[in-house]
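What's in upload-v3.cif: mmCIF, C-alpha atoms; chains and numbers go by the auth columns
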```
data_final
#
loop_
_atom_site.group_PDB
_atom_site.id
_atom_site.type_symbol
_atom_site.label_atom_id
_atom_site.label_comp_id
_atom_site.label_asym_id
_atom_site.label_seq_id
_atom_site.Cartn_x
_atom_site.Cartn_y
_atom_site.Cartn_z
_atom_site.B_iso_or_equiv
_atom_site.auth_seq_id
_atom_site.auth_asym_id
ATOM 1 C CA MET A 1 -63.921 -88.683 -27.346 0.00 1 M
ATOM 2 C CA ASP A 2 -61.436 -86.023 -28.472 0.00 2 M
ATOM 3 C CA THR A 3 -63.277 -83.021 -27.114 0.00 3 M
ATOM 4 C CA PHE A 4 -65.346 -82.088 -24.144 0.00 4 M
ATOM 5 C CA GLU A 5 -69.093 -81.768 -24.265 0.00 5 M
ATOM 6 C CA SER A 6 -70.484 -78.602 -22.695 0.00 6 M
ATOM 7 C CA ILE A 7 -73.393 -79.313 -20.358 0.00 7 M
ATOM 8 C CA PRO A 8 -75.793 -77.016 -18.485 0.00 8 M
ATOM 9 C CA LEU A 9 -74.845 -76.371 -14.873 0.00 9 M
ATOM 10 C CA ASP A 10 -78.406 -76.925 -13.702 0.00 10 M
ATOM 11 C CA SER A 11 -78.377 -80.476 -15.095 0.00 11 M
ATOM 12 C CA LEU A 12 -75.801 -81.675 -12.551 0.00 12 M
ATOM 13 C CA GLU A 13 -76.658 -83.950 -9.653 0.00 13 M
ATOM 14 C CA PHE A 14 -73.834 -84.570 -7.190 0.00 14 M
ATOM 15 C CA ASN A 15 -72.816 -84.429 -3.571 0.00 15 M
ATOM 16 C CA PRO A 16 -70.316 -81.588 -3.039 0.00 16 M
ATOM 17 C CA PHE A 17 -69.033 -83.229 0.133 0.00 17 M
ATOM 18 C CA THR A 18 -67.911 -86.351 -1.690 0.00 18 M
ATOM 19 C CA GLU A 19 -66.736 -84.475 -4.792 0.00 19 M
ATOM 20 C CA PHE A 20 -64.067 -82.664 -2.783 0.00 20 M
ATOM 21 C CA GLY A 21 -63.801 -84.579 0.454 0.00 21 M
ATOM 22 C CA THR A 22 -63.401 -88.148 -0.751 0.00 22 M
ATOM 23 C CA GLU A 23 -63.121 -88.093 -4.550 0.00 23 M
ATOM 24 C CA TRP A 24 -60.780 -85.076 -4.807 0.00 24 M
ATOM 25 C CA ALA A 25 -60.121 -83.003 -7.929 0.00 25 M
ATOM 26 C CA LEU A 26 -57.350 -81.371 -9.918 0.00 26 M
ATOM 27 C CA VAL A 27 -57.172 -77.595 -9.901 0.00 27 M
ATOM 28 C CA THR A 28 -55.351 -76.346 -12.980 0.00 28 M
ATOM 29 C CA ALA A 29 -54.299 -72.909 -14.178 0.00 29 M
ATOM 30 C CA GLY A 30 -52.448 -71.823 -17.281 0.00 30 M
ATOM 31 C CA ASP A 31 -52.683 -72.389 -21.007 0.00 31 M
ATOM 32 C CA PRO A 32 -51.638 -75.327 -23.194 0.00 32 M
ATOM 33 C CA ALA A 33 -48.073 -73.978 -23.461 0.00 33 M
ATOM 34 C CA SER A 34 -47.564 -73.430 -19.717 0.00 34 M
ATOM 35 C CA TRP A 35 -49.793 -74.834 -16.988 0.00 35 M
ATOM 36 C CA ASN A 36 -49.718 -76.689 -13.715 0.00 36 M
ATOM 37 C CA THR A 37 -52.156 -78.847 -11.813 0.00 37 M
ATOM 38 C CA MET A 38 -52.434 -80.146 -8.279 0.00 38 M
ATOM 39 C CA THR A 39 -54.815 -82.305 -6.310 0.00 39 M
ATOM 40 C CA VAL A 40 -57.281 -80.576 -4.012 0.00 40 M
ATOM 41 C CA ALA A 41 -59.506 -82.137 -1.375 0.00 41 M
ATOM 42 C CA TRP A 42 -60.748 -78.909 0.189 0.00 42 M
ATOM 43 C CA GLY A 43 -63.192 -76.602 -1.524 0.00 43 M
ATOM 44 C CA GLY A 44 -66.830 -76.115 -2.214 0.00 44 M
ATOM 45 C CA PHE A 45 -69.635 -75.079 -4.507 0.00 45 M
ATOM 46 C CA GLY A 46 -72.141 -72.324 -3.864 0.00 46 M
ATOM 47 C CA VAL A 47 -73.738 -69.068 -4.854 0.00 47 M
ATOM 48 C CA MET A 48 -72.023 -65.772 -4.087 0.00 48 M
ATOM 49 C CA TRP A 49 -72.851 -62.321 -5.417 0.00 49 M
ATOM 50 C CA ASN A 50 -75.647 -63.951 -7.485 0.00 50 M
ATOM 51 C CA LYS A 51 -73.079 -66.099 -9.292 0.00 51 M
ATOM 52 C CA ASN A 52 -72.550 -69.863 -9.282 0.00 52 M
ATOM 53 C CA VAL A 53 -69.095 -70.333 -7.810 0.00 53 M
ATOM 54 C CA ILE A 54 -66.440 -72.785 -6.743 0.00 54 M
ATOM 55 C CA PHE A 55 -64.202 -72.145 -3.742 0.00 55 M
ATOM 56 C CA SER A 56 -60.678 -73.545 -3.832 0.00 56 M
ATOM 57 C CA VAL A 57 -57.688 -73.009 -1.547 0.00 57 M
ATOM 58 C CA ILE A 58 -53.997 -73.200 -2.402 0.00 58 M
ATOM 59 C CA ARG A 59 -50.925 -72.715 -0.244 0.00 59 M
ATOM 60 C CA PRO A 60 -48.373 -70.174 -1.523 0.00 60 M
ATOM 61 C CA SER A 61 -45.658 -72.831 -1.415 0.00 61 M
ATOM 62 C CA ARG A 62 -47.361 -74.857 -4.164 0.00 62 M
ATOM 63 C CA TYR A 63 -46.219 -74.418 -7.761 0.00 63 M
ATOM 64 C CA THR A 64 -49.842 -74.125 -8.925 0.00 64 M
ATOM 65 C CA TYR A 65 -50.155 -70.987 -6.785 0.00 65 M
ATOM 66 C CA GLU A 66 -47.888 -69.106 -9.222 0.00 66 M
ATOM 67 C CA PHE A 67 -50.189 -70.033 -12.099 0.00 67 M
ATOM 68 C CA MET A 68 -53.332 -69.129 -10.160 0.00 68 M
ATOM 69 C CA GLU A 69 -51.865 -65.727 -9.400 0.00 69 M
ATOM 70 C CA ARG A 70 -51.076 -64.833 -12.995 0.00 70 M
ATOM 71 C CA CYS A 71 -54.077 -66.396 -14.747 0.00 71 M
ATOM 72 C CA GLU A 72 -57.622 -65.076 -14.885 0.00 72 M
ATOM 73 C CA SER A 73 -59.192 -68.530 -15.165 0.00 73 M
ATOM 74 C CA PHE A 74 -58.759 -72.010 -13.749 0.00 74 M
ATOM 75 C CA THR A 75 -60.410 -75.406 -13.943 0.00 75 M
ATOM 76 C CA LEU A 76 -61.522 -77.949 -11.385 0.00 76 M
ATOM 77 C CA SER A 77 -61.529 -81.442 -12.904 0.00 77 M
ATOM 78 C CA PHE A 78 -63.239 -84.387 -11.217 0.00 78 M
ATOM 79 C CA PHE A 79 -62.416 -87.983 -12.171 0.00 79 M
ATOM 80 C CA PRO A 80 -63.798 -91.497 -11.856 0.00 80 M
ATOM 81 C CA GLU A 81 -62.743 -93.436 -8.746 0.00 81 M
ATOM 82 C CA SER A 82 -60.258 -95.424 -10.860 0.00 82 M
ATOM 83 C CA PHE A 83 -58.065 -92.295 -11.059 0.00 83 M
ATOM 84 C CA LYS A 84 -57.335 -92.127 -7.315 0.00 84 M
ATOM 85 C CA GLU A 85 -53.677 -93.143 -7.861 0.00 85 M
ATOM 86 C CA VAL A 86 -53.292 -90.433 -10.513 0.00 86 M
ATOM 87 C CA LEU A 87 -54.714 -87.843 -8.115 0.00 87 M
ATOM 88 C CA THR A 88 -52.451 -89.096 -5.332 0.00 88 M
ATOM 89 C CA TYR A 89 -49.446 -88.676 -7.641 0.00 89 M
ATOM 90 C CA CYS A 90 -50.492 -85.172 -8.711 0.00 90 M
ATOM 91 C CA GLY A 91 -50.870 -84.150 -5.071 0.00 91 M
ATOM 92 C CA SER A 92 -47.517 -85.513 -3.946 0.00 92 M
ATOM 93 C CA HIS A 93 -45.249 -84.434 -6.828 0.00 93 M
ATOM 94 C CA SER A 94 -44.447 -80.892 -7.867 0.00 94 M
ATOM 95 C CA GLY A 95 -44.817 -79.673 -11.425 0.00 95 M
ATOM 96 C CA ARG A 96 -41.509 -77.893 -10.842 0.00 96 M
ATOM 97 C CA ASP A 97 -39.845 -81.321 -10.909 0.00 97 M
ATOM 98 C CA VAL A 98 -41.987 -83.598 -13.091 0.00 98 M
ATOM 99 C CA ASP A 99 -44.320 -83.504 -16.082 0.00 99 M
ATOM 100 C CA LYS A 100 -47.492 -84.708 -14.384 0.00 100 M
ATOM 101 C CA ALA A 101 -49.332 -85.424 -17.635 0.00 101 M
ATOM 102 C CA LYS A 102 -46.469 -87.538 -18.945 0.00 102 M
ATOM 103 C CA GLU A 103 -46.031 -89.400 -15.664 0.00 103 M
ATOM 104 C CA THR A 104 -49.735 -90.152 -15.181 0.00 104 M
ATOM 105 C CA GLY A 105 -50.996 -90.501 -18.747 0.00 105 M
ATOM 106 C CA LEU A 106 -53.445 -87.606 -18.387 0.00 106 M
ATOM 107 C CA THR A 107 -54.345 -85.785 -21.607 0.00 107 M
ATOM 108 C CA PRO A 108 -54.394 -81.992 -21.120 0.00 108 M
ATOM 109 C CA MET A 109 -56.836 -80.083 -23.306 0.00 109 M
ATOM 110 C CA GLU A 110 -57.646 -76.398 -23.533 0.00 110 M
ATOM 111 C CA LEU A 111 -61.144 -75.537 -22.359 0.00 111 M
ATOM 112 C CA LYS A 112 -62.581 -72.300 -23.735 0.00 112 M
ATOM 113 C CA ASP A 113 -65.679 -70.351 -22.833 0.00 113 M
ATOM 114 C CA SER A 114 -67.961 -70.922 -25.825 0.00 114 M
ATOM 115 C CA SER A 115 -69.969 -67.793 -25.010 0.00 115 M
ATOM 116 C CA GLY A 116 -67.035 -65.646 -26.083 0.00 116 M
ATOM 117 C CA GLY A 117 -66.274 -64.413 -22.582 0.00 117 M
ATOM 118 C CA GLY A 118 -62.575 -65.078 -23.054 0.00 118 M
ATOM 119 C CA SER A 119 -62.071 -67.507 -20.184 0.00 119 M
ATOM 120 C CA SER A 120 -59.868 -70.511 -20.883 0.00 120 M
ATOM 121 C CA SER A 121 -57.659 -72.941 -19.021 0.00 121 M
ATOM 122 C CA VAL A 122 -56.494 -76.544 -19.164 0.00 122 M
ATOM 123 C CA GLY A 123 -58.645 -79.537 -18.287 0.00 123 M
ATOM 124 C CA PHE A 124 -58.118 -83.258 -18.772 0.00 124 M
ATOM 125 C CA LYS A 125 -59.805 -85.481 -21.328 0.00 125 M
ATOM 126 C CA GLU A 126 -60.139 -88.303 -18.789 0.00 126 M
ATOM 127 C CA SER A 127 -62.171 -86.253 -16.305 0.00 127 M
ATOM 128 C CA ARG A 128 -65.841 -86.885 -15.583 0.00 128 M
ATOM 129 C CA LEU A 129 -66.534 -83.183 -15.220 0.00 129 M
ATOM 130 C CA ALA A 130 -64.421 -80.077 -15.618 0.00 130 M
ATOM 131 C CA TYR A 131 -65.556 -76.687 -14.377 0.00 131 M
ATOM 132 C CA LEU A 132 -64.086 -73.679 -16.161 0.00 132 M
ATOM 133 C CA CYS A 133 -63.976 -70.806 -13.676 0.00 133 M
ATOM 134 C CA ARG A 134 -63.135 -67.119 -13.896 0.00 134 M
ATOM 135 C CA LYS A 135 -61.451 -65.802 -10.767 0.00 135 M
ATOM 136 C CA ILE A 136 -63.619 -63.175 -9.096 0.00 136 M
ATOM 137 C CA TYR A 137 -62.102 -62.976 -5.603 0.00 137 M
ATOM 138 C CA ASN A 138 -59.147 -64.102 -3.547 0.00 138 M
ATOM 139 C CA GLN A 139 -58.060 -63.609 0.027 0.00 139 M
ATOM 140 C CA ASP A 140 -55.318 -64.968 2.255 0.00 140 M
ATOM 141 C CA PHE A 141 -56.411 -66.836 5.351 0.00 141 M
ATOM 142 C CA ASP A 142 -55.780 -64.794 8.475 0.00 142 M
ATOM 143 C CA PRO A 143 -55.078 -67.060 11.466 0.00 143 M
ATOM 144 C CA GLY A 144 -56.212 -64.279 13.767 0.00 144 M
ATOM 145 C CA LEU A 145 -59.722 -64.822 12.432 0.00 145 M
ATOM 146 C CA PHE A 146 -59.909 -68.602 13.079 0.00 146 M
ATOM 147 C CA LEU A 147 -62.775 -69.111 15.511 0.00 147 M
ATOM 148 C CA ASP A 148 -61.997 -72.797 15.993 0.00 148 M
ATOM 149 C CA THR A 149 -58.478 -73.152 17.426 0.00 149 M
ATOM 150 C CA ALA A 150 -58.209 -76.681 15.985 0.00 150 M
ATOM 151 C CA ILE A 151 -57.870 -75.166 12.498 0.00 151 M
ATOM 152 C CA GLU A 152 -54.361 -73.996 13.374 0.00 152 M
ATOM 153 C CA SER A 153 -53.241 -77.641 13.554 0.00 153 M
ATOM 154 C CA HIS A 154 -53.473 -77.772 9.747 0.00 154 M
ATOM 155 C CA TYR A 155 -50.708 -75.144 9.520 0.00 155 M
ATOM 156 C CA PRO A 156 -47.623 -76.339 11.431 0.00 156 M
ATOM 157 C CA GLU A 157 -45.459 -74.424 8.899 0.00 157 M
ATOM 158 C CA LYS A 158 -47.681 -71.316 9.121 0.00 158 M
ATOM 159 C CA ASP A 159 -48.245 -71.615 5.339 0.00 159 M
ATOM 160 C CA TYR A 160 -51.835 -70.398 5.269 0.00 160 M
ATOM 161 C CA HIS A 161 -53.930 -70.959 2.177 0.00 161 M
ATOM 162 C CA ARG A 162 -55.158 -68.347 -0.235 0.00 162 M
ATOM 163 C CA LEU A 163 -58.873 -68.693 -0.940 0.00 163 M
ATOM 164 C CA TYR A 164 -59.946 -68.356 -4.567 0.00 164 M
ATOM 165 C CA VAL A 165 -63.553 -67.858 -5.587 0.00 165 M
ATOM 166 C CA GLY A 166 -64.205 -68.645 -9.227 0.00 166 M
ATOM 167 C CA GLU A 167 -67.402 -67.985 -11.119 0.00 167 M
ATOM 168 C CA ILE A 168 -68.378 -71.137 -12.985 0.00 168 M
ATOM 169 C CA VAL A 169 -68.305 -70.060 -16.619 0.00 169 M
ATOM 170 C CA GLN A 170 -68.952 -73.435 -18.218 0.00 170 M
ATOM 171 C CA VAL A 171 -69.129 -77.121 -17.298 0.00 171 M
ATOM 172 C CA PHE A 172 -67.658 -79.811 -19.524 0.00 172 M
ATOM 173 C CA ARG A 173 -68.152 -83.545 -19.545 0.00 173 M
ATOM 174 C CA GLY A 174 -65.001 -85.519 -20.381 0.00 174 M
ATOM 175 C CA SER A 175 -64.469 -89.108 -21.424 0.00 175 M
ATOM 176 C CA GLY A 176 -64.377 -90.358 -17.795 0.00 176 M
ATOM 177 C CA ARG A 177 -68.150 -90.264 -17.306 0.00 177 M
#
```
Would you write out, as structure tokens, the structure that this file holds?
Amino acid sequence: MDTFESIPLDSLEFNPFTEFGTEWALVTAGDPASWNTMTVAWGGFGVMWNKNVIFSVIRPSRYTYEFMERCESFTLSFFPESFKEVLTYCGSHSGRDVDKAKETGLTPMELKDSSGGGSSSVGFKESRLAYLCRKIYNQDFDPGLFLDTAIESHYPEKDYHRLYVGEIVQVFRGSGR
């Protein structure tokens, strides 16, 4: 399969807790000439402002953060279980230092909004599903607003995440079904 197949969002059946929590994903921003990806295990799906959305969080110290800040769109790509080592690599190596696609064998492909909305980003041919999202909101975590003091233990360096909310523009099925 050389291209992705667009599928209707309402045809999906999945458990959002396993998608992020145990299976992980790659969040990617940029275009085919300049992009970066990183593994994420925190995030969620939902409805906000009458839009189907994905929530993702990225620390400012991550290279992908720079791409998320300058791009209007991003993707979340989910893979078969057999890609766990690839996702581990992408989460433990910086795109500043290595070519993650070359090192892992992933095939980056541009995903474009077929409705003409202008959204595009990079996804991976080997993914099961890739969600193309248009950023609609972001906000830095404020530790003064944590109601559960245990949350602070996730930030020994005080490098609080930025929350991104992306409207799901289109869903693609890759070759890793």
Need the shell around Gly43 (chain M): protein/DNA/RNA residues with any atom at most 7 Å away, counting all atoms listed in the file. Skip same-chain ones fewer than 3 positions apart. Format as a list in words?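 With the cut-off at 7 Å, the set is Phe20, Phe55, Ser56 and Val57 of chain M.
A straight line drawn from CA of Pro8 (chain M) to CA of Val171 (chain M) is 6.8 Å long.
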Give me the residues near Glu110 (chain M) as a list in words, where near means some atom within 12 Å (using only C-alpha atoms) and where sequence neighbours in that chain fewer than 2 positions away do not count.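 Contacts, in chain order: Asp2, Thr3, Phe4, Thr28, Ala29, Gly30, Asp31, Pro32, Ala33, Ser34, Trp35, Ser73, Phe74, Thr75, Thr107, Pro108, Lys112, Asp113, Ser114, Ser119, Ser120, Ser121, Val122, Gly123, Phe124, Lys125, Ala130, Leu132 and Phe172 of chain M.
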Dump of C-alpha atoms for the selected residues, as a short mmCIF file (atom, residue, chain, number, x, y, z; two decimals), keeping the file's coordinate frame:
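Okay, again-v2.cif is ready:
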```
data_model
loop_
_atom_site.label_atom_id
_atom_site.label_comp_id
_atom_site.auth_asym_id
_atom_site.auth_seq_id
_atom_site.Cartn_x
_atom_site.Cartn_y
_atom_site.Cartn_z
CA ASP M 2 -61.44 -86.02 -28.47
CA THR M 3 -63.28 -83.02 -27.11
CA PHE M 4 -65.35 -82.09 -24.14
CA THR M 28 -55.35 -76.35 -12.98
CA ALA M 29 -54.30 -72.91 -14.18
CA GLY M 30 -52.45 -71.82 -17.28
CA ASP M 31 -52.68 -72.39 -21.01
CA PRO M 32 -51.64 -75.33 -23.19
CA ALA M 33 -48.07 -73.98 -23.46
CA SER M 34 -47.56 -73.43 -19.72
CA TRP M 35 -49.79 -74.83 -16.99
CA SER M 73 -59.19 -68.53 -15.16
CA PHE M 74 -58.76 -72.01 -13.75
CA THR M 75 -60.41 -75.41 -13.94
CA THR M 107 -54.34 -85.78 -21.61
CA PRO M 108 -54.39 -81.99 -21.12
CA LYS M 112 -62.58 -72.30 -23.74
CA ASP M 113 -65.68 -70.35 -22.83
CA SER M 114 -67.96 -70.92 -25.82
CA SER M 119 -62.07 -67.51 -20.18
CA SER M 120 -59.87 -70.51 -20.88
CA SER M 121 -57.66 -72.94 -19.02
CA VAL M 122 -56.49 -76.54 -19.16
CA GLY M 123 -58.64 -79.54 -18.29
CA PHE M 124 -58.12 -83.26 -18.77
CA LYS M 125 -59.80 -85.48 -21.33
CA ALA M 130 -64.42 -80.08 -15.62
CA LEU M 132 -64.09 -73.68 -16.16
CA PHE M 172 -67.66 -79.81 -19.52
#
```
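Take the candidates M:Arg59, M:His161, M:Lys84, M:Arg70 and check each one against Glu23 (chain M) using all atoms listed in the file; the shortest distance goes to M:Lys84.
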Got a sec: who's within 8 Å of Phe78 (chain M), counting all atoms listed in the file, leaving out chain neighbours fewer than 5 positions off, as number ranges by chain? M: 19, 23-26, 127-130
